[in-house]
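**Student:** Just one file: model18.txt, with compact mmCIF, C-alpha atoms.
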# COMPACT_ATOMS: atom_id res chain seq x y z
CA MET A 2 -80.44 56.11 109.15
CA SER A 3 -77.01 55.14 110.44
CA VAL A 4 -75.65 51.63 110.92
CA SER A 5 -75.22 52.54 114.59
CA LEU A 6 -79.01 52.39 114.99
CA VAL A 7 -78.67 48.61 114.73
CA SER A 8 -75.86 47.87 117.16
CA ASN A 9 -74.83 44.90 119.24
CA ALA A 10 -71.77 44.10 121.35
CA TYR A 11 -71.31 40.75 119.57
CA LEU A 12 -71.15 42.48 116.17
CA GLU A 13 -68.85 45.22 117.43
CA ASP A 14 -66.40 42.81 119.13
CA ASN A 15 -66.18 40.54 116.09
CA SER A 16 -65.90 43.47 113.68
CA SER A 17 -62.89 44.70 115.65
CA LYS A 18 -61.18 41.32 115.31
CA ILE A 19 -62.03 41.00 111.60
CA ARG A 20 -60.49 44.41 110.77
CA SER A 21 -57.04 43.06 111.64
CA LYS A 22 -57.35 39.67 109.91
CA PRO A 23 -55.46 39.23 106.61
CA VAL A 24 -57.44 38.35 103.47
CA PRO A 25 -55.59 36.69 100.50
CA TRP A 26 -56.37 39.43 97.99
CA GLU A 27 -53.26 38.66 95.88
CA GLY A 28 -54.32 35.00 95.72
CA TYR A 29 -57.72 36.09 94.40
CA GLN A 30 -55.97 38.08 91.68
CA ARG A 31 -53.79 35.12 90.71
CA ALA A 32 -56.96 33.04 90.44
CA ASP A 33 -58.49 35.72 88.20
CA LEU A 34 -61.24 36.38 90.75
CA VAL A 35 -60.06 39.94 91.32
CA THR A 36 -58.70 42.33 88.70
CA SER A 37 -55.44 44.25 89.19
CA GLU A 38 -57.43 47.48 89.42
CA GLU A 39 -59.69 46.00 92.15
CA LEU A 40 -56.62 44.70 94.00
CA ALA A 41 -54.97 48.12 93.96
CA LEU A 42 -58.15 49.74 95.30
CA ILE A 43 -58.76 47.22 98.09
CA LYS A 44 -55.13 47.36 99.25
CA LYS A 45 -55.56 51.08 99.91
CA VAL A 46 -58.12 50.33 102.65
CA ASP A 47 -57.27 46.79 103.76
CA ARG A 48 -56.23 46.77 107.45
CA GLN A 49 -55.56 50.51 107.32
CA PRO A 50 -56.18 53.02 110.14
CA LYS A 51 -59.68 54.45 110.27
CA GLN A 52 -58.45 57.96 109.46
CA LYS A 53 -56.74 56.80 106.27
CA ILE A 54 -59.81 54.84 105.12
CA GLU A 55 -62.01 57.87 105.78
CA SER A 56 -59.68 60.02 103.67
CA VAL A 57 -59.95 57.54 100.76
CA LEU A 58 -63.74 57.34 101.02
CA LEU A 59 -64.02 61.12 101.14
CA SER A 60 -62.61 61.41 97.62
CA GLU A 61 -63.56 58.01 96.14
CA GLY A 62 -66.72 56.99 98.00
CA ARG A 63 -68.71 55.97 94.92
CA THR A 64 -65.82 53.87 93.59
CA TYR A 65 -65.50 52.00 96.87
CA ALA A 66 -69.23 51.41 97.30
CA LEU A 67 -69.20 49.67 93.91
CA LEU A 68 -65.95 47.83 94.72
CA TYR A 69 -67.15 46.39 98.04
CA LEU A 70 -70.44 45.14 96.60
CA THR A 71 -68.83 43.77 93.42
CA LEU A 72 -66.30 41.80 95.45
CA LEU A 73 -69.04 40.55 97.77
CA LYS A 74 -70.90 39.30 94.71
CA LYS A 75 -67.83 37.45 93.39
CA LEU A 76 -66.11 36.10 96.50
CA GLN A 77 -67.78 33.58 98.78
CA ARG A 78 -65.17 32.56 101.35
CA VAL A 79 -66.51 33.30 104.83
CA ASP A 80 -63.50 35.32 106.04
CA THR A 81 -63.62 37.46 102.88
CA MET A 82 -67.34 38.08 103.24
CA GLN A 83 -66.76 39.06 106.87
CA CYS A 84 -64.10 41.57 105.83
CA LEU A 85 -66.21 43.12 103.07
CA LEU A 86 -69.30 43.42 105.29
CA VAL A 87 -67.23 45.19 107.95
CA LEU A 88 -65.82 47.58 105.33
CA ILE A 89 -69.35 48.37 104.10
CA ALA A 90 -70.70 48.90 107.62
CA ASP A 91 -67.70 51.06 108.58
CA ALA A 92 -68.27 53.24 105.50
CA LEU A 93 -71.91 53.76 106.50
CA THR A 94 -71.41 54.23 110.25
CA ASP A 95 -72.16 57.87 111.15
CA HIS A 96 -72.31 58.69 107.44
CA GLU A 97 -75.91 58.61 106.28
CA GLU A 98 -74.90 60.73 103.30
CA ARG A 99 -73.05 57.70 101.89
CA ILE A 100 -76.15 55.48 101.72
CA PRO A 101 -77.04 56.75 98.19
CA LEU A 102 -73.51 55.78 97.05
CA PHE A 103 -74.44 52.16 97.78
CA THR A 104 -78.06 52.19 96.60
CA SER A 105 -77.20 53.94 93.32
CA VAL A 106 -74.77 51.23 92.12
CA SER A 107 -77.75 49.46 90.55
CA SER A 108 -77.20 51.77 87.57
CA VAL A 109 -73.89 49.94 86.96
CA ASP A 110 -75.05 46.41 87.89
CA PRO A 111 -78.76 45.65 88.42
CA ASP A 112 -77.84 42.87 90.90
CA LEU A 113 -76.41 45.50 93.20
CA PRO A 114 -76.66 46.44 95.99
CA TYR A 115 -79.12 43.82 97.23
CA LEU A 116 -78.39 40.45 95.63
CA PRO A 117 -74.95 39.83 97.18
CA LEU A 118 -76.19 40.97 100.61
CA GLN A 119 -79.27 38.75 100.34
CA ARG A 120 -77.09 35.80 99.40
CA THR A 121 -74.92 36.30 102.49
CA LEU A 122 -78.06 36.00 104.65
CA GLU A 123 -78.07 32.29 103.75
CA THR A 124 -74.52 31.75 105.04
CA GLN A 125 -74.17 29.48 108.05
CA ASP A 126 -71.71 31.90 109.68
CA GLU A 127 -73.62 33.82 112.39
CA PHE A 128 -71.57 37.01 112.09
CA VAL A 129 -71.99 37.19 108.29
CA GLN A 130 -75.74 36.63 108.58
CA LEU A 131 -76.26 39.26 111.29
CA LYS A 132 -73.94 41.83 109.68
CA ALA A 133 -75.75 41.43 106.35
CA ALA A 134 -79.12 41.90 108.09
CA GLN A 135 -77.79 45.07 109.73
CA ILE A 136 -76.58 46.54 106.41
CA LEU A 137 -79.68 45.51 104.44
CA THR A 138 -81.87 47.17 107.09
CA VAL A 139 -79.95 50.45 106.71
CA LEU A 140 -80.11 50.44 102.90
CA LEU A 141 -83.76 49.32 102.61
CA SER A 142 -84.91 51.84 105.24
CA ALA A 143 -83.38 54.63 103.20
CA GLU A 144 -85.00 53.74 99.86
CA THR A 145 -87.14 56.60 98.57
CA SER A 146 -89.59 54.44 96.61
CA PRO A 147 -91.77 51.63 98.04
CA LEU A 148 -89.95 48.34 98.56
CA ASN A 149 -91.06 45.32 96.57
CA GLN A 150 -91.35 41.68 97.63
CA LEU A 151 -88.05 40.70 95.98
CA GLN A 152 -86.23 43.27 98.05
CA LEU A 153 -88.00 42.43 101.31
CA ALA A 154 -88.67 38.67 101.33
CA PRO A 155 -85.10 37.36 101.92
CA LEU A 156 -84.51 39.72 104.85
CA LEU A 157 -87.93 39.09 106.43
CA ASN A 158 -87.43 35.32 106.12
CA THR A 159 -84.11 35.69 107.92
CA LEU A 160 -85.61 37.95 110.59
CA THR A 161 -88.36 35.36 111.18
CA ASN A 162 -85.71 32.74 111.95
CA LEU A 163 -83.61 35.12 114.05
CA ILE A 164 -86.49 36.33 116.19
CA GLN A 165 -87.54 32.77 117.00
CA SER A 166 -84.00 31.78 117.93
CA THR A 167 -82.86 31.06 121.48
CA SER A 168 -79.72 33.15 120.79
CA LEU A 169 -79.98 36.53 122.51
CA ASN A 170 -77.72 38.13 119.88
CA LYS A 171 -79.92 36.94 117.03
CA ARG A 172 -83.13 38.11 118.70
CA ASP A 173 -81.58 41.45 119.63
CA ILE A 174 -80.45 42.19 116.07
CA ALA A 175 -83.78 41.01 114.61
CA VAL A 176 -85.82 43.29 116.89
CA GLN A 177 -83.56 46.27 116.15
CA CYS A 178 -83.87 45.68 112.41
CA LEU A 179 -87.66 45.52 112.72
CA GLU A 180 -87.75 48.76 114.73
CA CYS A 181 -86.14 50.50 111.76
CA LEU A 182 -88.00 48.75 108.95
CA LEU A 183 -91.52 48.91 110.40
CA ALA A 184 -91.58 52.67 109.96
CA ARG A 185 -92.54 51.85 106.35
CA HIS A 186 -96.12 50.97 105.40
CA GLU A 187 -95.16 48.23 102.93
CA VAL A 188 -92.91 46.56 105.51
CA ARG A 189 -95.72 46.55 108.09
CA GLN A 190 -97.97 44.75 105.63
CA ALA A 191 -95.22 42.32 104.62
CA VAL A 192 -94.46 41.54 108.28
CA TRP A 193 -98.16 40.98 108.94
CA ASN A 194 -98.06 38.39 106.16
CA SER A 195 -95.10 36.73 107.94
CA PRO A 196 -96.90 35.60 111.13
CA GLY A 197 -93.74 34.05 112.53
CA ILE A 198 -92.38 37.54 113.17
CA VAL A 199 -95.41 38.79 115.14
CA SER A 200 -95.66 35.57 117.15
CA GLY A 201 -91.91 35.83 117.78
CA LEU A 202 -92.36 39.35 119.17
CA ALA A 203 -95.17 38.14 121.44
CA ASP A 204 -93.06 35.19 122.62
CA ILE A 205 -90.23 37.51 123.64
CA LEU A 206 -92.62 39.53 125.82
CA LYS A 207 -93.98 36.35 127.40
CA GLN A 208 -90.44 35.56 128.56
CA LYS A 209 -90.41 38.81 130.58
CA PRO A 210 -87.25 40.39 129.12
CA GLY A 211 -85.49 43.44 130.55
CA PRO A 212 -86.80 47.01 130.15
CA GLN A 213 -84.88 47.77 126.93
CA MET A 214 -86.05 44.68 125.06
CA SER A 215 -89.61 45.16 126.40
CA TYR A 216 -89.53 48.69 125.00
CA GLN A 217 -88.12 47.66 121.62
CA VAL A 218 -90.64 44.84 121.10
CA SER A 219 -93.52 47.08 122.22
CA PHE A 220 -92.25 49.75 119.84
CA CYS A 221 -92.50 47.24 116.96
CA LEU A 222 -96.08 46.39 117.97
CA TRP A 223 -96.89 50.11 118.18
CA LEU A 224 -95.66 50.62 114.61
CA LEU A 225 -97.74 47.66 113.42
CA SER A 226 -100.85 49.10 115.10
CA PHE A 227 -100.92 52.04 112.65
CA GLU A 228 -102.31 49.71 109.97
CA GLN A 229 -106.12 49.39 109.97
CA ASN A 230 -106.22 45.70 109.06
CA ILE A 231 -103.57 44.84 111.64
CA ALA A 232 -105.31 46.83 114.40
CA GLU A 233 -108.49 44.88 113.66
CA GLN A 234 -106.90 41.44 113.87
CA ILE A 235 -103.71 41.50 115.94
CA ASN A 236 -105.33 40.80 119.30
CA LYS A 237 -107.59 38.09 117.91
CA LYS A 238 -104.63 36.31 116.33
CA PHE A 239 -101.87 36.93 118.88
CA ASP A 240 -103.62 37.87 122.13
CA ILE A 241 -101.40 40.92 122.60
CA ILE A 242 -103.74 43.08 124.72
CA PRO A 243 -103.51 41.03 127.94
CA LEU A 244 -99.81 40.54 127.23
CA LEU A 245 -99.14 44.28 126.87
CA VAL A 246 -101.26 45.05 129.96
CA ASP A 247 -99.09 42.61 131.90
CA VAL A 248 -95.85 44.15 130.56
CA ALA A 249 -97.03 47.69 131.35
CA GLN A 250 -98.14 46.76 134.88
CA SER A 251 -94.71 45.39 135.72
CA ALA A 252 -92.72 48.06 133.82
CA VAL A 253 -90.27 50.22 135.75
CA LYS A 254 -89.31 52.46 132.82
CA GLU A 255 -91.62 55.26 131.70
CA LYS A 256 -90.78 54.71 128.03
CA VAL A 257 -92.16 51.14 128.17
CA ILE A 258 -95.50 52.37 129.54
CA ARG A 259 -95.53 55.25 127.06
CA VAL A 260 -95.22 53.07 123.96
CA ILE A 261 -97.74 50.50 125.23
CA VAL A 262 -100.31 53.16 126.07
CA ALA A 263 -99.75 54.66 122.59
CA THR A 264 -100.32 51.20 121.08
CA PHE A 265 -103.60 50.85 122.98
CA ARG A 266 -104.68 54.27 121.72
CA ASN A 267 -104.07 53.18 118.12
CA LEU A 268 -106.00 49.95 118.65
CA VAL A 269 -108.98 51.81 120.14
CA THR A 270 -108.92 54.55 117.50
CA LYS A 271 -108.68 52.23 114.52
CA ALA A 272 -110.68 49.19 115.68
CA PRO A 273 -112.70 49.86 118.86
CA ALA A 274 -115.15 46.99 118.35
CA ALA A 275 -112.30 44.50 117.97
CA ASN A 276 -110.23 45.71 120.91
CA LEU A 277 -112.30 47.40 123.64
CA PRO A 278 -113.89 44.13 124.88
CA ALA A 279 -110.49 42.53 125.34
CA MET A 280 -109.20 45.65 127.09
CA LEU A 281 -112.06 45.57 129.57
CA VAL A 282 -111.62 41.85 130.22
CA SER A 283 -107.87 42.42 130.73
CA ARG A 284 -108.77 45.01 133.38
CA LEU A 285 -107.09 47.84 131.52
CA LEU A 286 -109.55 50.41 132.93
CA PRO A 287 -108.42 50.20 136.59
CA PHE A 288 -104.80 50.21 135.42
CA VAL A 289 -105.38 53.31 133.28
CA LYS A 290 -107.04 55.02 136.27
CA ASN A 291 -103.93 54.20 138.27
CA LEU A 292 -101.73 55.68 135.53
CA ALA A 293 -103.83 58.84 135.49
CA GLY A 294 -102.87 59.48 139.11
CA ARG A 295 -99.13 59.30 138.49
CA LYS A 296 -96.68 62.07 137.55
CA TRP A 297 -95.20 61.77 134.05
CA SER A 298 -92.36 63.62 132.37
CA ASP A 299 -93.85 62.94 128.91
CA GLU A 300 -97.02 64.85 128.01
CA ASP A 301 -97.93 62.23 125.40
CA ILE A 302 -98.57 59.68 128.15
CA VAL A 303 -100.93 62.06 129.95
CA GLU A 304 -102.93 62.66 126.78
CA ASP A 305 -103.06 58.99 125.77
CA VAL A 306 -104.05 57.88 129.29
CA GLN A 307 -106.86 60.42 129.36
CA PHE A 308 -108.08 59.25 125.94
CA LEU A 309 -108.07 55.59 127.01
CA SER A 310 -109.76 56.40 130.32
CA THR A 311 -112.58 58.25 128.55
CA GLU A 312 -113.10 55.53 125.93
CA LEU A 313 -112.99 52.65 128.39
CA ASN A 314 -115.23 54.43 130.91
CA THR A 315 -117.82 55.18 128.25
CA ARG A 316 -117.79 51.56 127.16
CA PHE A 317 -117.85 50.26 130.74
CA GLU A 318 -120.77 52.46 131.86
CA SER A 319 -122.93 51.26 128.98
CA LEU A 320 -122.16 47.58 129.62
CA THR A 321 -124.91 45.26 130.78
CA THR A 322 -123.98 41.97 132.43
CA TRP A 323 -124.65 40.34 129.06
CA ASP A 324 -122.21 42.74 127.38
CA GLU A 325 -119.61 41.84 129.99
CA TYR A 326 -120.15 38.17 129.29
CA THR A 327 -119.91 38.48 125.51
CA SER A 328 -116.81 40.68 125.92
CA GLU A 329 -115.20 37.85 127.84
CA LEU A 330 -116.18 35.34 125.18
CA ALA A 331 -114.87 37.60 122.42
CA SER A 332 -111.55 38.06 124.22
CA GLY A 333 -111.12 34.33 124.72
CA HIS A 334 -110.12 34.97 128.35
CA LEU A 335 -112.78 33.47 130.56
CA SER A 336 -112.23 33.96 134.29
CA TRP A 337 -114.36 33.69 137.43
CA THR A 338 -116.06 37.07 137.07
CA PRO A 339 -119.39 37.36 138.96
CA VAL A 340 -121.65 36.71 135.95
CA HIS A 341 -120.63 33.06 135.63
CA GLU A 342 -121.92 32.04 139.05
CA SER A 343 -125.01 34.27 139.12
CA ASP A 344 -128.27 32.33 138.78
CA ASP A 345 -130.06 35.59 137.96
CA PHE A 346 -127.68 36.20 135.06
CA TRP A 347 -128.33 32.78 133.54
CA LYS A 348 -132.11 32.98 134.03
CA GLU A 349 -132.24 36.36 132.29
CA ASN A 350 -129.74 35.74 129.50
CA VAL A 351 -129.56 32.04 128.71
CA THR A 352 -131.64 32.27 125.51
CA LYS A 353 -129.36 35.02 124.18
CA LEU A 354 -126.73 32.35 123.60
CA ASN A 355 -129.08 30.98 120.91
CA GLU A 356 -129.38 34.21 118.94
CA ARG A 357 -127.91 34.48 115.44
CA ASP A 358 -127.76 30.71 115.02
CA TYR A 359 -126.27 30.02 118.47
CA GLU A 360 -123.39 32.44 117.79
CA GLN A 361 -122.27 32.91 121.43
CA LEU A 362 -122.84 29.27 122.36
CA LYS A 363 -120.58 28.29 119.46
CA VAL A 364 -117.88 30.67 120.74
CA LEU A 365 -118.17 29.11 124.20
CA THR A 366 -117.97 25.59 122.78
CA LYS A 367 -114.95 26.56 120.64
CA LEU A 368 -113.11 27.79 123.75
CA LEU A 369 -114.01 24.54 125.50
CA LYS A 370 -112.57 22.52 122.61
CA GLU A 371 -109.47 24.56 121.79
CA SER A 372 -108.18 26.27 124.93
CA GLU A 373 -105.30 24.76 126.87
CA ASP A 374 -105.71 27.10 129.84
CA SER A 375 -107.10 25.37 132.94
CA ILE A 376 -109.08 28.39 134.18
CA ILE A 377 -110.70 28.95 130.78
CA LEU A 378 -111.59 25.25 130.53
CA ALA A 379 -113.06 25.18 134.06
CA VAL A 380 -115.18 28.30 133.44
CA ALA A 381 -116.32 27.08 130.02
CA ALA A 382 -117.32 23.67 131.39
CA HIS A 383 -119.23 25.43 134.18
CA ASP A 384 -121.02 27.68 131.68
CA ILE A 385 -122.08 24.73 129.52
CA GLY A 386 -123.68 23.21 132.63
CA GLN A 387 -125.46 26.50 133.42
CA TYR A 388 -126.76 26.75 129.86
CA VAL A 389 -128.25 23.24 130.03
CA LYS A 390 -129.63 23.84 133.52
CA HIS A 391 -131.49 27.02 132.52
CA TYR A 392 -132.52 26.12 128.96
CA GLU A 393 -134.60 22.98 128.61
CA ARG A 394 -133.66 22.35 124.97
CA GLY A 395 -129.97 22.90 125.66
CA LYS A 396 -128.86 19.30 126.06
CA LYS A 397 -129.37 18.32 122.40
CA ILE A 398 -127.88 21.57 121.09
CA VAL A 399 -124.74 21.18 123.23
CA ALA A 400 -124.43 17.56 122.07
CA ASP A 401 -124.84 18.57 118.41
CA LEU A 402 -122.08 21.20 118.77
CA GLY A 403 -119.70 18.67 120.28
CA GLY A 404 -119.82 20.28 123.72
CA LYS A 405 -121.07 17.20 125.57
CA ALA A 406 -118.30 14.94 124.25
CA ARG A 407 -115.67 17.54 125.13
CA VAL A 408 -116.95 18.05 128.69
CA MET A 409 -116.87 14.28 129.22
CA GLU A 410 -113.26 14.21 127.99
CA LEU A 411 -112.37 16.94 130.48
CA MET A 412 -113.52 14.77 133.39
CA THR A 413 -110.07 13.17 133.18
CA HIS A 414 -108.15 16.47 132.82
CA GLN A 415 -104.98 16.86 134.91
CA ASP A 416 -106.34 19.97 136.65
CA ALA A 417 -108.60 19.19 139.64
CA ASP A 418 -110.93 22.17 139.14
CA VAL A 419 -111.42 21.36 135.44
CA ARG A 420 -112.35 17.79 136.43
CA TYR A 421 -114.76 19.04 139.11
CA ARG A 422 -116.50 21.61 136.89
CA SER A 423 -116.76 19.08 134.07
CA LEU A 424 -118.32 16.53 136.42
CA LEU A 425 -120.96 19.06 137.53
CA SER A 426 -121.65 19.96 133.91
CA VAL A 427 -122.01 16.30 132.88
CA GLN A 428 -124.48 15.81 135.73
CA GLN A 429 -126.57 18.64 134.25
CA LEU A 430 -126.28 17.17 130.75
CA VAL A 431 -127.38 13.74 131.97
CA SER A 432 -130.08 14.83 134.42
CA GLN A 433 -131.94 17.31 132.23
CA PRO A 434 -134.73 15.88 130.05
CA TRP A 435 -133.86 15.56 126.37
CA VAL A 436 -135.99 18.06 124.48
CA GLY A 437 -135.61 18.37 120.75
CA ALA A 438 -134.56 21.79 119.47
Now that the file is in, can you turn its structure into structure tokens?

**Tutor:**
Amino acid sequence: MSVSLVSNAYLEDNSSKIRSKPVPWEGYQRADLVTSEELALIKKVDRQPKQKIESVLLSEGRTYALLYLTLLKKLQRVDTMQCLLVLIADALTDHEERIPLFTSVSSVDPDLPYLPLQRTLETQDEFVQLKAAQILTVLLSAETSPLNQLQLAPLLNTLTNLIQSTSLNKRDIAVQCLECLLARHEVRQAVWNSPGIVSGLADILKQKPGPQMSYQVSFCLWLLSFEQNIAEQINKKFDIIPLLVDVAQSAVKEKVIRVIVATFRNLVTKAPAANLPAMLVSRLLPFVKNLAGRKWSDEDIVEDVQFLSTELNTRFESLTTWDEYTSELASGHLSWTPVHESDDFWKENVTKLNERDYEQLKVLTKLLKESEDSIILAVAAHDIGQYVKHYERGKKIVADLGGKARVMELMTHQDADVRYRSLLSVQQLVSQPWVGA
């Protein structure tokens, strides 16, 4: 891959300025930090026209790859690091064939090429940090053998910090680096073990960025969804299905919808049990039906939409009201769907909350205790009241699970509906006779 695949106006503008800045190479030689041979080589390319530098690299590319990295290892002044990183990036820009010149220098010095670049990631200078991340991404993406933790960890730690930054430049570079790196299986697994990156991606989407950033972040999530273990857990941990549905519904660019629909297809294919309930609760089915009626220039969208429509329809048609309810519980997104306020539903299904050691009642109570969403809290408080109302032994069980104490706490919640639903639920908890389980 080329350096130009990770591009940013901030990097380009600063690189242009740095190319014309003088660096005290002769002073480094006098201080015995640079040899006379290294000085002679660097002077041939220092602040020279692009055409001249290209001519030098054409005949001495391997020599200069080693020179740039050796000097970066030895010299730690910020302006010098800036210059060397620009020289490295310029050598690689539009010249993928030169990447092996840089990766093969490990045969001369085992610290190269990665150690000096990893060290520059720790520099406080923003340009140095971002330029090093750009170059490391290019070199690591091109490695022919699987990457190990020593190679990956410093860059992923930096990308975690960058993606959580409020700086648009930092987030932009981080997302572009991830787009390139996540094509590799071992990087996908390493990123999954760095939860700050995935939560950072989700946070960017929550801020409703422009079409390009929405596409790039969704592309990263699509790449992650190729891993079985990630497809099974990503929605449970990061709630990405409702988020991606929301992004797709408001998207104006076809490519954004295309990559999100492809992500959903992966999630359904690899982990249907984990993801279909959340998709139904997020009302993906009516949206997919809407997509099926549109004209698309990309055939992949048509195929993926048809696949999702078939899978979701099959699941939807076989759903009972109890299945709908447990799907909502599993998704963690309770809302005022008809089942909650149906007396018939509660009469028919209340004892099912007790099955498998009160499995579904425990899920409901957990949402009541942990959610910060007012609608979820109001619905959960309502459901606790319905459970007690329709199951005579419910009061003690709810109390034992901590549900009663939590509902009483919510009577002072800032949201009026949460207070009201909690009050009704407490009335049920107090008025029903106490029957031992």

**Student:** Excluding segment 311-317 of chain A and its own-chain neighbours fewer than 2 positions away, which residues fall within 8 Å of it when counting all atoms listed in the file? Please give them as a VMD selection string.

**Tutor:** chain A and resid 277 281 286 307 to 309 319 to 320

**Student:** Generate the output file for the selected residues, C-alpha atoms, as a PDB file, keeping the file's coordinate frame.

**Tutor:**
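Contents of the output file selection_11.pdb:
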ATOM      1  CA  LEU A 277    -112.300  47.400 123.640  1.00  0.00           C
ATOM      2  CA  LEU A 281    -112.060  45.570 129.570  1.00  0.00           C
ATOM      3  CA  LEU A 286    -109.550  50.410 132.930  1.00  0.00           C
ATOM      4  CA  GLN A 307    -106.860  60.420 129.360  1.00  0.00           C
ATOM      5  CA  PHE A 308    -108.080  59.250 125.940  1.00  0.00           C
ATOM      6  CA  LEU A 309    -108.070  55.590 127.010  1.00  0.00           C
ATOM      7  CA  SER A 319    -122.930  51.260 128.980  1.00  0.00           C
ATOM      8  CA  LEU A 320    -122.160  47.580 129.620  1.00  0.00           C
TER       9      LEU A 320
END

**Student:** Could you pull the residues within 9 Å of segment 88-101 of chain A, counting all atoms listed in the file, minus those fewer than 5 positions along the same chain, as a PyMOL selection string?

**Tutor:** chain A and resi 2-5+20+46-47+51+54-55+58+62-63+65-66+69-70+83+106+132+135-136+139-140+143-144

**Student:** Hey, what's within 8 Å of Trp323 of chain A if we count all atoms listed in the file and toss same-chain stuff fewer than 4 positions away? As a list in words, please?

**Tutor:**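 My reading of the contact set: Thr327, Phe346 and Asn350 of chain A.
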
**Student:** In Å to one decimal, how far is atom CA of Leu137 of chain A from atom CA of Val109 of chain A?

**Tutor:**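 Taking atom CA of Val109 of chain A and atom CA of Leu137 of chain A, their separation equals 18.9 Å.
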
**Student:** Please indicate the distance in Å from atom CA of Ala252 of chain A to atom CA of Trp337 of chain A, rounded to one decimal place.

**Tutor:**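 Computed distance, atom CA of Ala252 of chain A to atom CA of Trp337 of chain A, equals 26.2 Å.
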
**Student:** Please report the interatomic distance between atom CA of Ile205 of chain A and atom CA of Leu157 of chain A in Å with one decimal.

**Tutor:**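 Interatomic distance here is 17.4 Å.
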
**Student:** Could you pull the residues within 8 Å of Tyr216 of chain A, counting only C-alpha atoms, minus those fewer than 3 positions along the same chain, as a short mmCIF file (atom, residue, chain, number, x, y, z; two decimals) with C-alpha atoms, in the coordinates of the input?

**Tutor:**
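The result, written out as part_36.cif:
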data_model
loop_
_atom_site.label_atom_id
_atom_site.label_comp_id
_atom_site.auth_asym_id
_atom_site.auth_seq_id
_atom_site.Cartn_x
_atom_site.Cartn_y
_atom_site.Cartn_z
CA PRO A 212 -86.80 47.01 130.15
CA GLN A 213 -84.88 47.77 126.93
CA SER A 219 -93.52 47.08 122.22
CA PHE A 220 -92.25 49.75 119.84
CA LYS A 256 -90.78 54.71 128.03
CA VAL A 257 -92.16 51.14 128.17
CA VAL A 260 -95.22 53.07 123.96
#

**Student:** Find the nearest atom pair between each residue of segment 160-207 of chain A and segment 225-229 of chain A for residues within 9 Å, count all atoms listed in the file, give distances in Å to one decimal, sort rows by chain and ascending number, and present the table as a Markdown table.

**Tutor:**
| residue | atom | partner | partner_atom | distance |
| --- | --- | --- | --- | --- |
| A:Leu183 | CA | A:Leu225 | CA | 7.0 |
| A:Ala184 | CA | A:Leu225 | CA | 8.7 |
| A:His186 | CA | A:Glu228 | CA | 7.8 |
| A:Arg189 | CA | A:Leu225 | CA | 5.8 |
| A:Gln190 | CA | A:Glu228 | CA | 7.9 |
| A:Val192 | CA | A:Leu225 | CA | 8.6 |
| A:Trp193 | CA | A:Leu225 | CA | 8.1 |

**Student:** Applying 12 Å and all atoms listed in the file, which residues near segment 397-400 of chain A remain after dropping the ones on its own chain fewer than 3 positions away? List them as a ChimeraX atom specification.

**Tutor:** /A:354-355,358-359,362-367,369,382,384-390,392-394,403-409,426-427,429-431,433-438

**Student:** Which residue is closest to Ala154 of chain A? Choose from A:Asn194, A:Gln130, A:Asn170, A:Ser332 and count only C-alpha atoms.

**Tutor:**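 Selected residue with least distance to Ala154 of chain A: A:Asn194.
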
**Student:** Within 12 Å of (-101.8, 35.5, 125.6), in the coordinates the file gives, what residues turn up when you count only C-alpha atoms, written out as a list of chain:residue names?

**Tutor:**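 Counting only C-alpha atoms, I find these residues within 12 Å of (-101.8, 35.5, 125.6): A:Ser200, A:Ala203, A:Asp204, A:Ile205, A:Leu206, A:Lys207, A:Gln208, A:Ile235, A:Asn236, A:Lys237, A:Lys238, A:Phe239, A:Asp240, A:Ile241, A:Ile242, A:Pro243, A:Leu244, A:Leu245, A:Val246, A:Asp247, A:Val248, A:Ala279, A:Ser283, A:Ser332, A:Gly333, A:His334, A:Ser372, A:Glu373, A:Asp374.
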